[in-house]
file structure-v2.cif (mmCIF, C-alpha atoms and all ligand atoms)
data_input
loop_
_atom_site.label_atom_id
_atom_site.label_comp_id
_atom_site.auth_asym_id
_atom_site.auth_seq_id
_atom_site.Cartn_x
_atom_site.Cartn_y
_atom_site.Cartn_z
CA MET A 283 83.36 -19.22 -6.10
CA GLU A 284 82.97 -16.81 -9.01
CA HIS A 285 79.78 -15.29 -7.52
CA HIS A 286 81.81 -13.68 -4.75
CA THR A 287 83.23 -11.25 -7.31
CA PHE A 288 79.81 -9.81 -8.16
CA ASN A 289 80.14 -6.30 -6.78
CA LYS A 290 76.60 -4.89 -6.84
CA ARG A 291 73.96 -5.20 -4.18
CA VAL A 292 71.26 -7.57 -5.38
CA ALA A 293 67.53 -6.97 -4.88
CA ILE A 294 64.47 -9.01 -5.73
CA VAL A 295 61.21 -7.13 -6.29
CA THR A 296 57.99 -9.13 -6.67
CA GLY A 297 55.12 -7.85 -8.79
CA ALA A 298 57.68 -5.75 -10.64
CA GLY A 299 56.08 -5.85 -14.10
CA GLN A 300 54.13 -2.62 -13.58
CA GLY A 301 52.93 -0.06 -11.07
CA ILE A 302 54.63 0.33 -7.71
CA GLY A 303 56.87 -2.73 -8.14
CA LEU A 304 58.24 -1.44 -11.42
CA GLY A 305 58.86 1.96 -9.84
CA ILE A 306 60.71 0.32 -6.94
CA ALA A 307 62.79 -1.86 -9.28
CA MET A 308 63.85 1.04 -11.51
CA ASN A 309 64.71 3.23 -8.55
CA LEU A 310 66.93 0.48 -7.10
CA LEU A 311 68.52 -0.08 -10.52
CA ASN A 312 69.28 3.64 -10.82
CA SER A 313 70.76 3.52 -7.31
CA GLY A 314 73.29 0.88 -8.38
CA TYR A 315 71.53 -2.37 -7.53
CA ALA A 316 71.20 -5.43 -9.73
CA VAL A 317 67.49 -6.18 -9.65
CA ALA A 318 65.51 -9.35 -10.29
CA LEU A 319 61.95 -8.61 -11.38
CA PHE A 320 59.46 -11.32 -10.39
CA ASP A 321 56.03 -11.20 -12.04
CA LEU A 322 53.35 -13.43 -13.55
CA ASN A 323 53.09 -11.14 -16.54
CA ARG A 324 55.84 -11.97 -19.04
CA GLU A 325 54.87 -9.20 -21.47
CA ALA A 326 55.12 -6.56 -18.78
CA LEU A 327 58.52 -7.91 -17.76
CA ASP A 328 59.77 -7.83 -21.35
CA ALA A 329 58.59 -4.22 -21.72
CA ALA A 330 60.38 -3.26 -18.50
CA ILE A 331 63.63 -4.83 -19.67
CA SER A 332 63.51 -3.10 -23.08
CA ALA A 333 62.74 0.25 -21.48
CA ALA A 334 65.90 -0.07 -19.36
CA GLY A 335 68.15 0.14 -22.43
CA SER A 336 71.84 -0.31 -21.68
CA GLN A 337 71.14 -0.80 -17.95
CA ALA A 338 69.22 -4.01 -18.71
CA GLU A 339 72.41 -5.96 -18.01
CA TYR A 340 71.62 -5.51 -14.32
CA LEU A 341 67.99 -6.54 -14.60
CA MET A 342 66.77 -10.11 -14.58
CA ALA A 343 63.18 -10.99 -15.52
CA CYS A 344 61.68 -14.04 -13.84
CA THR A 345 58.20 -15.22 -14.79
CA VAL A 346 56.98 -16.54 -11.47
CA ASP A 347 53.72 -16.93 -9.61
CA VAL A 348 54.75 -15.95 -6.11
CA THR A 349 51.96 -18.03 -4.56
CA GLN A 350 53.67 -21.22 -5.79
CA SER A 351 56.51 -22.40 -3.56
CA ALA A 352 58.31 -24.44 -6.23
CA GLN A 353 58.32 -21.50 -8.66
CA VAL A 354 59.56 -19.17 -5.93
CA ARG A 355 62.34 -21.60 -5.00
CA ASP A 356 63.50 -21.96 -8.63
CA ALA A 357 63.44 -18.23 -9.34
CA ILE A 358 65.42 -17.33 -6.21
CA ALA A 359 67.96 -20.06 -7.00
CA GLN A 360 68.39 -18.53 -10.48
CA VAL A 361 69.11 -15.11 -8.99
CA SER A 362 71.71 -16.51 -6.57
CA ALA A 363 73.33 -18.57 -9.34
CA ARG A 364 73.58 -15.62 -11.77
CA TRP A 365 74.61 -12.94 -9.28
CA LYS A 366 74.77 -13.84 -5.60
CA THR A 367 72.58 -14.25 -2.54
CA PRO A 368 70.13 -11.31 -2.54
CA ASP A 369 70.79 -8.44 -0.16
CA VAL A 370 67.23 -7.09 -0.42
CA LEU A 371 63.82 -8.70 -0.89
CA VAL A 372 60.87 -6.43 -1.64
CA ASN A 373 57.59 -8.31 -1.33
CA ASN A 374 55.30 -6.13 -3.43
CA ALA A 375 53.05 -8.43 -5.50
CA GLY A 376 49.41 -7.87 -4.63
CA LEU A 377 45.88 -7.62 -5.93
CA THR A 378 42.37 -6.78 -4.79
CA ARG A 379 39.02 -8.53 -5.23
CA ASP A 380 36.67 -6.15 -3.42
CA LYS A 381 33.21 -7.36 -2.36
CA ARG A 382 31.02 -6.91 0.65
CA ILE A 383 31.25 -9.94 2.97
CA PRO A 384 27.94 -11.59 1.98
CA LYS A 385 28.98 -11.52 -1.69
CA MET A 386 32.63 -12.54 -1.26
CA SER A 387 33.45 -16.03 -2.49
CA GLU A 388 35.87 -18.37 -0.78
CA GLU A 389 38.02 -18.21 -3.94
CA GLU A 390 38.21 -14.41 -3.71
CA TRP A 391 39.22 -14.67 -0.06
CA ASP A 392 41.89 -17.30 -0.77
CA LEU A 393 43.35 -15.56 -3.83
CA VAL A 394 43.77 -12.24 -2.06
CA LEU A 395 45.29 -13.87 1.03
CA ASP A 396 47.63 -15.99 -1.10
CA VAL A 397 48.94 -13.22 -3.35
CA ASN A 398 49.22 -10.49 -0.72
CA LEU A 399 50.31 -12.49 2.32
CA LYS A 400 51.29 -16.12 1.71
CA SER A 401 53.62 -15.09 -1.13
CA GLN A 402 55.60 -12.99 1.35
CA PHE A 403 56.11 -15.98 3.63
CA LEU A 404 57.17 -18.14 0.66
CA CYS A 405 59.68 -15.59 -0.67
CA VAL A 406 61.13 -14.83 2.75
CA ARG A 407 61.51 -18.53 3.52
CA GLU A 408 63.56 -19.01 0.35
CA VAL A 409 65.92 -16.03 0.70
CA VAL A 410 66.45 -16.04 4.40
CA GLN A 411 68.90 -18.94 4.72
CA GLY A 412 71.32 -17.21 2.33
CA MET A 413 70.87 -13.90 4.15
CA ILE A 414 71.64 -15.60 7.46
CA GLU A 415 74.79 -17.14 6.00
CA GLN A 416 76.02 -13.82 4.62
CA GLY A 417 75.12 -12.06 7.87
CA HIS A 418 72.95 -9.31 6.43
CA GLY A 419 69.70 -8.70 4.61
CA ARG A 420 66.81 -6.29 4.13
CA ILE A 421 63.23 -7.48 3.85
CA ILE A 422 60.64 -4.89 2.84
CA ASN A 423 57.01 -5.91 2.74
CA ILE A 424 54.34 -3.85 1.00
CA SER A 425 51.22 -3.59 3.15
CA SER A 426 48.53 -0.94 2.62
CA ARG A 427 46.79 1.80 4.52
CA ALA A 428 43.76 -0.45 3.90
CA TRP A 429 44.98 -2.70 6.72
CA LEU A 430 43.14 -0.24 8.97
CA GLY A 431 39.92 -1.60 7.49
CA GLY A 432 38.03 -0.72 4.34
CA PHE A 433 34.51 -1.17 3.06
CA GLY A 434 34.36 -4.18 0.74
CA GLN A 435 37.93 -5.17 1.57
CA ALA A 436 37.67 -7.90 4.23
CA ASN A 437 40.09 -10.12 2.32
CA TYR A 438 42.56 -7.36 1.37
CA SER A 439 42.49 -5.63 4.73
CA ALA A 440 43.07 -8.92 6.58
CA ALA A 441 45.94 -9.80 4.24
CA LYS A 442 47.59 -6.38 4.63
CA GLY A 443 47.19 -6.52 8.42
CA GLY A 444 48.79 -9.96 8.26
CA VAL A 445 51.72 -8.43 6.36
CA ILE A 446 52.38 -6.08 9.28
CA SER A 447 52.25 -8.91 11.84
CA LEU A 448 54.48 -11.07 9.66
CA THR A 449 56.96 -8.20 9.36
CA ARG A 450 57.10 -7.68 13.13
CA THR A 451 57.76 -11.37 13.70
CA LEU A 452 60.46 -11.50 11.00
CA ALA A 453 62.14 -8.53 12.67
CA ILE A 454 62.23 -10.34 16.00
CA GLU A 455 63.46 -13.65 14.56
CA LEU A 456 66.08 -12.24 12.20
CA ALA A 457 67.59 -9.28 14.07
CA LYS A 458 70.49 -11.30 15.44
CA HIS A 459 71.52 -12.20 11.88
CA GLY A 460 71.84 -8.60 10.69
CA ILE A 461 68.56 -8.81 8.82
CA THR A 462 65.90 -6.12 9.16
CA ALA A 463 62.25 -6.43 8.16
CA ASN A 464 60.02 -3.42 7.65
CA ALA A 465 56.67 -2.72 6.03
CA ILE A 466 55.36 0.15 3.94
CA ALA A 467 51.68 1.07 3.96
CA PRO A 468 50.92 3.06 0.81
CA GLY A 469 47.80 5.17 0.48
CA ALA A 470 46.16 5.53 -2.95
CA ILE A 471 48.91 5.31 -5.54
CA ASP A 472 48.25 5.98 -9.22
CA THR A 473 48.71 2.51 -10.79
CA PRO A 474 46.54 0.06 -12.74
CA ILE A 475 45.28 -1.42 -9.43
CA LEU A 476 42.98 1.62 -9.19
CA ALA A 477 41.40 0.85 -12.60
CA PRO A 478 38.18 -0.64 -11.12
CA LEU A 479 37.42 2.69 -9.39
CA SER A 480 35.23 5.33 -11.05
CA THR A 481 36.36 8.95 -11.50
CA GLU A 482 33.92 9.92 -8.73
CA GLN A 483 35.48 7.37 -6.37
CA ILE A 484 38.98 8.63 -7.18
CA ASP A 485 37.87 12.23 -6.58
CA ARG A 486 36.34 11.22 -3.26
CA ILE A 487 39.62 9.54 -2.26
CA LYS A 488 41.63 12.62 -3.31
CA SER A 489 39.46 14.80 -1.10
CA THR A 490 40.61 12.75 1.93
CA ILE A 491 44.34 13.12 1.18
CA PRO A 492 45.89 16.11 2.98
CA VAL A 493 48.67 16.37 0.37
CA GLY A 494 45.90 16.71 -2.23
CA ARG A 495 47.01 14.21 -4.86
CA LEU A 496 47.31 10.51 -5.48
CA GLY A 497 50.72 9.01 -4.74
CA ARG A 498 53.16 7.91 -7.41
CA PRO A 499 55.21 4.71 -7.55
CA GLN A 500 58.38 6.73 -6.90
CA ASP A 501 56.91 7.93 -3.59
CA ILE A 502 56.95 4.31 -2.43
CA ALA A 503 60.32 3.60 -4.09
CA TYR A 504 61.92 6.33 -1.99
CA ALA A 505 60.80 4.65 1.26
CA VAL A 506 61.98 1.27 -0.03
CA LYS A 507 65.41 2.70 -0.80
CA MET A 508 65.72 4.01 2.73
CA PHE A 509 64.90 0.65 4.32
CA ALA A 510 67.12 -1.18 1.80
CA SER A 511 70.23 0.85 2.62
CA PRO A 512 73.05 -0.85 4.56
CA GLU A 513 72.96 2.26 6.78
CA SER A 514 69.41 1.45 7.82
CA SER A 515 70.39 -1.20 10.36
CA TYR A 516 68.58 0.02 13.48
CA MET A 517 65.05 0.37 12.10
CA THR A 518 63.26 -2.95 12.16
CA GLY A 519 59.75 -4.24 12.57
CA GLN A 520 58.33 -0.85 11.61
CA THR A 521 55.50 0.13 9.32
CA ILE A 522 55.79 3.47 7.58
CA TYR A 523 52.77 5.11 5.96
CA VAL A 524 53.39 6.70 2.59
CA CYS A 525 49.93 8.07 1.96
CA GLY A 526 50.04 11.86 1.72
CA GLY A 527 48.76 12.07 5.29
CA ARG A 528 45.58 10.12 4.55
CA SER A 529 46.07 7.83 7.55
CA LEU A 530 45.77 10.94 9.72
CA SER A 531 42.47 12.14 8.31
CA SER A 532 38.95 11.11 9.21
CA PRO A 533 37.46 8.50 6.87
CA SER A 534 34.17 10.39 6.96
CA VAL A 535 35.58 13.60 5.41
N1 LIG B 601 48.14 1.35 -5.92
C1 LIG B 601 47.66 1.56 -4.70
O1 LIG B 601 46.84 2.45 -4.47
C2 LIG B 601 48.14 0.70 -3.55
C3 LIG B 601 47.82 1.13 -2.25
C4 LIG B 601 48.25 0.38 -1.17
C5 LIG B 601 48.98 -0.77 -1.37
N2 LIG B 601 49.26 -1.17 -2.63
C6 LIG B 601 50.01 -2.42 -2.79
O2 LIG B 601 51.17 -2.18 -3.57
C7 LIG B 601 51.50 -3.36 -4.29
C8 LIG B 601 51.62 -3.02 -5.77
O3 LIG B 601 50.37 -2.51 -6.23
P1 LIG B 601 50.18 -1.80 -7.64
O4 LIG B 601 49.23 -0.70 -7.43
O5 LIG B 601 51.49 -1.53 -8.26
O6 LIG B 601 49.41 -2.99 -8.40
P2 LIG B 601 49.43 -3.42 -9.94
O7 LIG B 601 48.21 -4.23 -10.14
O8 LIG B 601 49.67 -2.23 -10.81
O9 LIG B 601 50.73 -4.36 -10.03
C9 LIG B 601 50.80 -5.58 -9.32
C10 LIG B 601 51.75 -6.50 -10.04
O10 LIG B 601 51.78 -7.74 -9.31
C11 LIG B 601 51.76 -8.80 -10.24
N3 LIG B 601 51.21 -10.01 -9.63
C12 LIG B 601 49.92 -10.24 -9.25
N4 LIG B 601 49.79 -11.48 -8.78
C13 LIG B 601 51.02 -12.07 -8.88
C14 LIG B 601 51.50 -13.35 -8.57
N5 LIG B 601 50.72 -14.31 -8.07
N6 LIG B 601 52.82 -13.62 -8.80
C15 LIG B 601 53.62 -12.66 -9.34
N7 LIG B 601 53.21 -11.42 -9.65
C16 LIG B 601 51.91 -11.13 -9.42
C17 LIG B 601 50.88 -8.30 -11.39
O11 LIG B 601 51.12 -9.04 -12.59
C18 LIG B 601 51.32 -6.84 -11.47
O12 LIG B 601 52.41 -6.67 -12.37
C19 LIG B 601 50.41 -4.37 -3.96
O13 LIG B 601 50.84 -5.19 -2.90
C20 LIG B 601 49.26 -3.50 -3.51
O14 LIG B 601 48.37 -4.19 -2.68
C21 LIG B 601 48.85 -0.46 -3.74
#
call {"tool": "encode", "arguments": {"input": "structure-v2.cif", "output": "structure tokens", "more": "lines below"}}
Ligand SMILES: NC(=O)c1ccc[n+]([C@@H]2O[C@H](COP(=O)([O-])OP(=O)(O)OC[C@H]3O[C@@H](n4cnc5c(N)ncnc54)[C@H](O)[C@@H]3O)[C@@H](O)[C@H]2O)c1
result
Amino acid sequence: MEHHTFNKRVAIVTGAGQGIGLGIAMNLLNSGYAVALFDLNREALDAAISAAGSQAEYLMACTVDVTQSAQVRDAIAQVSARWKTPDVLVNNAGLTRDKRIPKMSEEEWDLVLDVNLKSQFLCVREVVQGMIEQGHGRIINISSRAWLGGFGQANYSAAKGGVISLTRTLAIELAKHGITANAIAPGAIDTPILAPLSTEQIDRIKSTIPVGRLGRPQDIAYAVKMFASPESSYMTGQTIYVCGGRSLSSPSV
């Protein structure tokens, strides 16, 4: 089959239109991967492709809602047909809808669980058969330091905790096929997801970060690249915090 001649490692990154996902995708591209960018936001995808200039040949933009199994199936089939079975899946798409429990609607609960957690199950389910057949794969799931619990974040915290449990189970099920699954728990990273927070809230967060600054998308991309490497075959089921030490500090500081 002609696809066997494709000589780059192939990665899928979800939620890759902006923020952390875009940072991860560009870092993988610059490291020699062909990268499929999955996002709901077509305009953001188009902007990402134009910004890549001559390297855009190895980017593929897929407008997909990762909570919808049929859309996920079609998009992953397109990637395999154009390049080959993916070597790496980065489940990054996510969003927040913060409210205290008494005010949180069922819709806000469901949306946050679907985008942050169910989407990871759907994407893994679609790529994993191909990864099993090729005998290797890297699954990297973006959780959050907020899985530890956060005021107004019952939905988000539960979803991100679920990501860690899902990752541990994937690691157990898939190890014998040469597939690893690991999670990354970012702290506060400077992306549009922080837009709802006031300057005072951001300053308060910064004061709890031992490194003394917000994180950047490339801080997360570096950890993704490590887990994605073929050399990284003996780390599985792990969650690594990339949070400037914030997970070590007291929340009451
Ligand atoms: N920024 C932070 O401080 C922070 C901290 C911890 C964890 N995270 C996690 O990192 C990931 C990326 O966050 P970010 O800060 O870059 O967010 P962001 O809002 O900047 O980007 C998220 C991207 O996901 C896309 N997306 C949302 N729903 C989607 C869907 N149903 N299907 C496809 N794409 C969808 C959006 O269009 C957007 O491009 C999320 O999982 C988030 O929970 C972020």
call {"tool": "axis_aligned_box", "arguments": {"input": "structure-v2.cif", "around": "ligand LIG 601 (chain B)", "padding_each_side": "6 Å", "output": "AutoDock Vina command-line options"}}
result
--center_x 50.2 --center_y -5.9 --center_z -6.9 --size_x 18.8 --size_y 28.8 --size_z 23.4
call {"tool": "residues_near_ligand", "arguments": {"input": "structure-v2.cif", "ligand": "ligand LIG 601 (chain B)", "cutoff": "6 Å", "atoms": "all atoms listed in the file", "output": "JSON, numbers by chain"}}
result
{"A": [297, 298, 299, 300, 301, 302, 303, 321, 322, 323, 346, 347, 348, 349, 374, 375, 376, 377, 397, 398, 424, 425, 426, 468, 469, 470, 471, 472, 473, 474, 475]}
call {"tool": "closest_residue", "arguments": {"input": "structure-v2.cif", "among": "A:Ala363, A:Ile487, A:Ala334, A:Leu341", "to": "Gly526 (chain A)", "atoms": "only C-alpha atoms"}}
result
A:Ile487
call {"tool": "atom_distance", "arguments": {"input": "structure-v2.cif", "atom1": "CA of Leu456 (chain A)", "atom2": "CA of Arg407 (chain A)"}}
result
11.7 Å
call {"tool": "atom_distance", "arguments": {"input": "structure-v2.cif", "atom1": "CA of Gln435 (chain A)", "atom2": "CA of Ser529 (chain A)"}}
result
16.5 Å
call {"tool": "residues_around", "arguments": {"input": "structure-v2.cif", "residues": "Leu430 (chain A)", "least_positions_apart": "5", "cutoff": "12 Å", "atoms": "only C-alpha atoms", "output": "ChimeraX atom specification"}}
result
/A:425,435-436,438-444,446,467-469,523,528-530,533
call {"tool": "residues_around", "arguments": {"input": "structure-v2.cif", "residues": "Lys290 (chain A)", "least_positions_apart": "3", "cutoff": "12 Å", "atoms": "all atoms listed in the file", "output": "PyMOL selection string"}}
result
chain A and resi 285-287+293+310-317+339-341+365-370
call {"tool": "closest_residue", "arguments": {"input": "structure-v2.cif", "among": "A:Gly434, A:Gly412, A:Pro384, A:Gly460", "to": "Pro512 (chain A)", "atoms": "all atoms listed in the file"}}
result
A:Gly460
call {"tool": "atom_distance", "arguments": {"input": "structure-v2.cif", "atom1": "CA of Ile422 (chain A)", "atom2": "CA of Asp501 (chain A)"}}
result
14.8 Å
call {"tool": "closest_residue", "arguments": {"input": "structure-v2.cif", "among": "A:Leu304, A:Leu452, A:Gly432, A:Thr296", "to": "Ser401 (chain A)", "atoms": "all atoms listed in the file"}}
result
A:Thr296
call {"tool": "closest_residue", "arguments": {"input": "structure-v2.cif", "among": "A:Arg291, A:Arg364, A:Arg450, A:Lys400", "to": "Met517 (chain A)", "atoms": "only C-alpha atoms"}}
result
A:Arg450
call {"tool": "closest_residue", "arguments": {"input": "structure-v2.cif", "among": "A:Asn309, A:Ser480, A:Gln337, A:Thr462", "to": "Val406 (chain A)", "atoms": "only C-alpha atoms"}}
result
A:Thr462
call {"tool": "closest_residue", "arguments": {"input": "structure-v2.cif", "among": "A:Thr518, A:Gly431, A:Thr490, A:Glu389", "to": "Ala453 (chain A)", "atoms": "all atoms listed in the file"}}
result
A:Thr518
call {"tool": "decode", "arguments": {"input": "structure-v2.cif", "residues": "region 436-463 of chain A", "atoms": "N, CA, C and O atoms", "output": "PDB file, in the first residue's frame"}}
result
ATOM      1  N   ALA A 436     -16.508  21.731  40.062  1.00  0.00           N
ATOM      2  CA  ALA A 436     -16.920  20.330  40.280  1.00  0.00           C
ATOM      3  C   ALA A 436     -16.890  19.547  38.974  1.00  0.00           C
ATOM      4  O   ALA A 436     -16.376  18.417  38.919  1.00  0.00           O
ATOM      5  N   ASN A 437     -17.427  20.147  37.918  1.00  0.00           N
ATOM      6  CA  ASN A 437     -17.481  19.449  36.627  1.00  0.00           C
ATOM      7  C   ASN A 437     -16.068  19.245  36.051  1.00  0.00           C
ATOM      8  O   ASN A 437     -15.685  18.134  35.652  1.00  0.00           O
ATOM      9  N   TYR A 438     -15.286  20.319  36.036  1.00  0.00           N
ATOM     10  CA  TYR A 438     -13.946  20.276  35.430  1.00  0.00           C
ATOM     11  C   TYR A 438     -13.004  19.370  36.226  1.00  0.00           C
ATOM     12  O   TYR A 438     -12.274  18.549  35.660  1.00  0.00           O
ATOM     13  N   SER A 439     -13.060  19.502  37.537  1.00  0.00           N
ATOM     14  CA  SER A 439     -12.179  18.708  38.383  1.00  0.00           C
ATOM     15  C   SER A 439     -12.502  17.213  38.246  1.00  0.00           C
ATOM     16  O   SER A 439     -11.598  16.368  38.133  1.00  0.00           O
ATOM     17  N   ALA A 440     -13.807  16.897  38.216  1.00  0.00           N
ATOM     18  CA  ALA A 440     -14.209  15.491  38.056  1.00  0.00           C
ATOM     19  C   ALA A 440     -13.758  14.966  36.695  1.00  0.00           C
ATOM     20  O   ALA A 440     -13.263  13.835  36.580  1.00  0.00           O
ATOM     21  N   ALA A 441     -13.907  15.791  35.659  1.00  0.00           N
ATOM     22  CA  ALA A 441     -13.494  15.356  34.318  1.00  0.00           C
ATOM     23  C   ALA A 441     -11.983  15.119  34.283  1.00  0.00           C
ATOM     24  O   ALA A 441     -11.511  14.114  33.744  1.00  0.00           O
ATOM     25  N   LYS A 442     -11.209  16.035  34.867  1.00  0.00           N
ATOM     26  CA  LYS A 442      -9.754  15.922  34.796  1.00  0.00           C
ATOM     27  C   LYS A 442      -9.235  14.780  35.674  1.00  0.00           C
ATOM     28  O   LYS A 442      -8.189  14.191  35.377  1.00  0.00           O
ATOM     29  N   GLY A 443      -9.943  14.494  36.771  1.00  0.00           N
ATOM     30  CA  GLY A 443      -9.613  13.302  37.558  1.00  0.00           C
ATOM     31  C   GLY A 443      -9.916  12.049  36.747  1.00  0.00           C
ATOM     32  O   GLY A 443      -9.152  11.071  36.754  1.00  0.00           O
ATOM     33  N   GLY A 444     -11.041  12.092  36.026  1.00  0.00           N
ATOM     34  CA  GLY A 444     -11.405  10.969  35.157  1.00  0.00           C
ATOM     35  C   GLY A 444     -10.352  10.719  34.089  1.00  0.00           C
ATOM     36  O   GLY A 444     -10.060   9.567  33.750  1.00  0.00           O
ATOM     37  N   VAL A 445      -9.758  11.790  33.586  1.00  0.00           N
ATOM     38  CA  VAL A 445      -8.698  11.653  32.572  1.00  0.00           C
ATOM     39  C   VAL A 445      -7.535  10.826  33.136  1.00  0.00           C
ATOM     40  O   VAL A 445      -6.978   9.963  32.451  1.00  0.00           O
ATOM     41  N   ILE A 446      -7.187  11.080  34.390  1.00  0.00           N
ATOM     42  CA  ILE A 446      -6.063  10.350  34.991  1.00  0.00           C
ATOM     43  C   ILE A 446      -6.420   8.870  35.171  1.00  0.00           C
ATOM     44  O   ILE A 446      -5.621   7.982  34.843  1.00  0.00           O
ATOM     45  N   SER A 447      -7.634   8.600  35.604  1.00  0.00           N
ATOM     46  CA  SER A 447      -8.056   7.192  35.765  1.00  0.00           C
ATOM     47  C   SER A 447      -8.133   6.490  34.422  1.00  0.00           C
ATOM     48  O   SER A 447      -7.737   5.321  34.295  1.00  0.00           O
ATOM     49  N   LEU A 448      -8.665   7.196  33.425  1.00  0.00           N
ATOM     50  CA  LEU A 448      -8.722   6.633  32.070  1.00  0.00           C
ATOM     51  C   LEU A 448      -7.310   6.291  31.588  1.00  0.00           C
ATOM     52  O   LEU A 448      -7.063   5.199  31.049  1.00  0.00           O
ATOM     53  N   THR A 449      -6.386   7.211  31.810  1.00  0.00           N
ATOM     54  CA  THR A 449      -5.005   7.027  31.347  1.00  0.00           C
ATOM     55  C   THR A 449      -4.374   5.798  32.000  1.00  0.00           C
ATOM     56  O   THR A 449      -3.688   5.005  31.335  1.00  0.00           O
ATOM     57  N   ARG A 450      -4.605   5.623  33.291  1.00  0.00           N
ATOM     58  CA  ARG A 450      -4.029   4.477  34.002  1.00  0.00           C
ATOM     59  C   ARG A 450      -4.575   3.166  33.437  1.00  0.00           C
ATOM     60  O   ARG A 450      -3.841   2.187  33.260  1.00  0.00           O
ATOM     61  N   THR A 451      -5.875   3.172  33.136  1.00  0.00           N
ATOM     62  CA  THR A 451      -6.490   1.957  32.598  1.00  0.00           C
ATOM     63  C   THR A 451      -5.996   1.669  31.179  1.00  0.00           C
ATOM     64  O   THR A 451      -5.706   0.522  30.831  1.00  0.00           O
ATOM     65  N   LEU A 452      -5.867   2.722  30.367  1.00  0.00           N
ATOM     66  CA  LEU A 452      -5.325   2.533  29.008  1.00  0.00           C
ATOM     67  C   LEU A 452      -3.929   1.928  29.092  1.00  0.00           C
ATOM     68  O   LEU A 452      -3.570   1.038  28.308  1.00  0.00           O
ATOM     69  N   ALA A 453      -3.138   2.428  30.022  1.00  0.00           N
ATOM     70  CA  ALA A 453      -1.760   1.936  30.162  1.00  0.00           C
ATOM     71  C   ALA A 453      -1.765   0.439  30.442  1.00  0.00           C
ATOM     72  O   ALA A 453      -0.991  -0.324  29.845  1.00  0.00           O
ATOM     73  N   ILE A 454      -2.657   0.017  31.330  1.00  0.00           N
ATOM     74  CA  ILE A 454      -2.713  -1.401  31.692  1.00  0.00           C
ATOM     75  C   ILE A 454      -3.171  -2.238  30.492  1.00  0.00           C
ATOM     76  O   ILE A 454      -2.582  -3.260  30.166  1.00  0.00           O
ATOM     77  N   GLU A 455      -4.223  -1.761  29.815  1.00  0.00           N
ATOM     78  CA  GLU A 455      -4.785  -2.561  28.713  1.00  0.00           C
ATOM     79  C   GLU A 455      -3.864  -2.638  27.504  1.00  0.00           C
ATOM     80  O   GLU A 455      -3.880  -3.619  26.768  1.00  0.00           O
ATOM     81  N   LEU A 456      -3.097  -1.566  27.262  1.00  0.00           N
ATOM     82  CA  LEU A 456      -2.413  -1.448  25.964  1.00  0.00           C
ATOM     83  C   LEU A 456      -0.919  -1.744  26.021  1.00  0.00           C
ATOM     84  O   LEU A 456      -0.259  -1.814  24.977  1.00  0.00           O
ATOM     85  N   ALA A 457      -0.385  -1.938  27.220  1.00  0.00           N
ATOM     86  CA  ALA A 457       1.074  -2.103  27.356  1.00  0.00           C
ATOM     87  C   ALA A 457       1.591  -3.241  26.483  1.00  0.00           C
ATOM     88  O   ALA A 457       2.642  -3.121  25.834  1.00  0.00           O
ATOM     89  N   LYS A 458       0.863  -4.334  26.431  1.00  0.00           N
ATOM     90  CA  LYS A 458       1.376  -5.495  25.693  1.00  0.00           C
ATOM     91  C   LYS A 458       1.407  -5.267  24.188  1.00  0.00           C
ATOM     92  O   LYS A 458       1.982  -6.061  23.448  1.00  0.00           O
ATOM     93  N   HIS A 459       0.806  -4.177  23.731  1.00  0.00           N
ATOM     94  CA  HIS A 459       0.817  -3.855  22.295  1.00  0.00           C
ATOM     95  C   HIS A 459       1.848  -2.780  21.944  1.00  0.00           C
ATOM     96  O   HIS A 459       1.829  -2.239  20.839  1.00  0.00           O
ATOM     97  N   GLY A 460       2.692  -2.430  22.900  1.00  0.00           N
ATOM     98  CA  GLY A 460       3.711  -1.402  22.617  1.00  0.00           C
ATOM     99  C   GLY A 460       3.145   0.006  22.651  1.00  0.00           C
ATOM    100  O   GLY A 460       3.730   0.938  22.109  1.00  0.00           O
ATOM    101  N   ILE A 461       1.995   0.136  23.296  1.00  0.00           N
ATOM    102  CA  ILE A 461       1.350   1.460  23.362  1.00  0.00           C
ATOM    103  C   ILE A 461       1.444   1.975  24.796  1.00  0.00           C
ATOM    104  O   ILE A 461       1.055   1.267  25.732  1.00  0.00           O
ATOM    105  N   THR A 462       1.943   3.200  24.957  1.00  0.00           N
ATOM    106  CA  THR A 462       1.946   3.815  26.281  1.00  0.00           C
ATOM    107  C   THR A 462       0.841   4.867  26.358  1.00  0.00           C
ATOM    108  O   THR A 462       0.416   5.415  25.340  1.00  0.00           O
ATOM    109  N   ALA A 463       0.384   5.121  27.576  1.00  0.00           N
ATOM    110  CA  ALA A 463      -0.610   6.175  27.814  1.00  0.00           C
ATOM    111  C   ALA A 463      -0.169   6.946  29.041  1.00  0.00           C
ATOM    112  O   ALA A 463       0.093   6.351  30.102  1.00  0.00           O
TER     113      ALA A 463
END
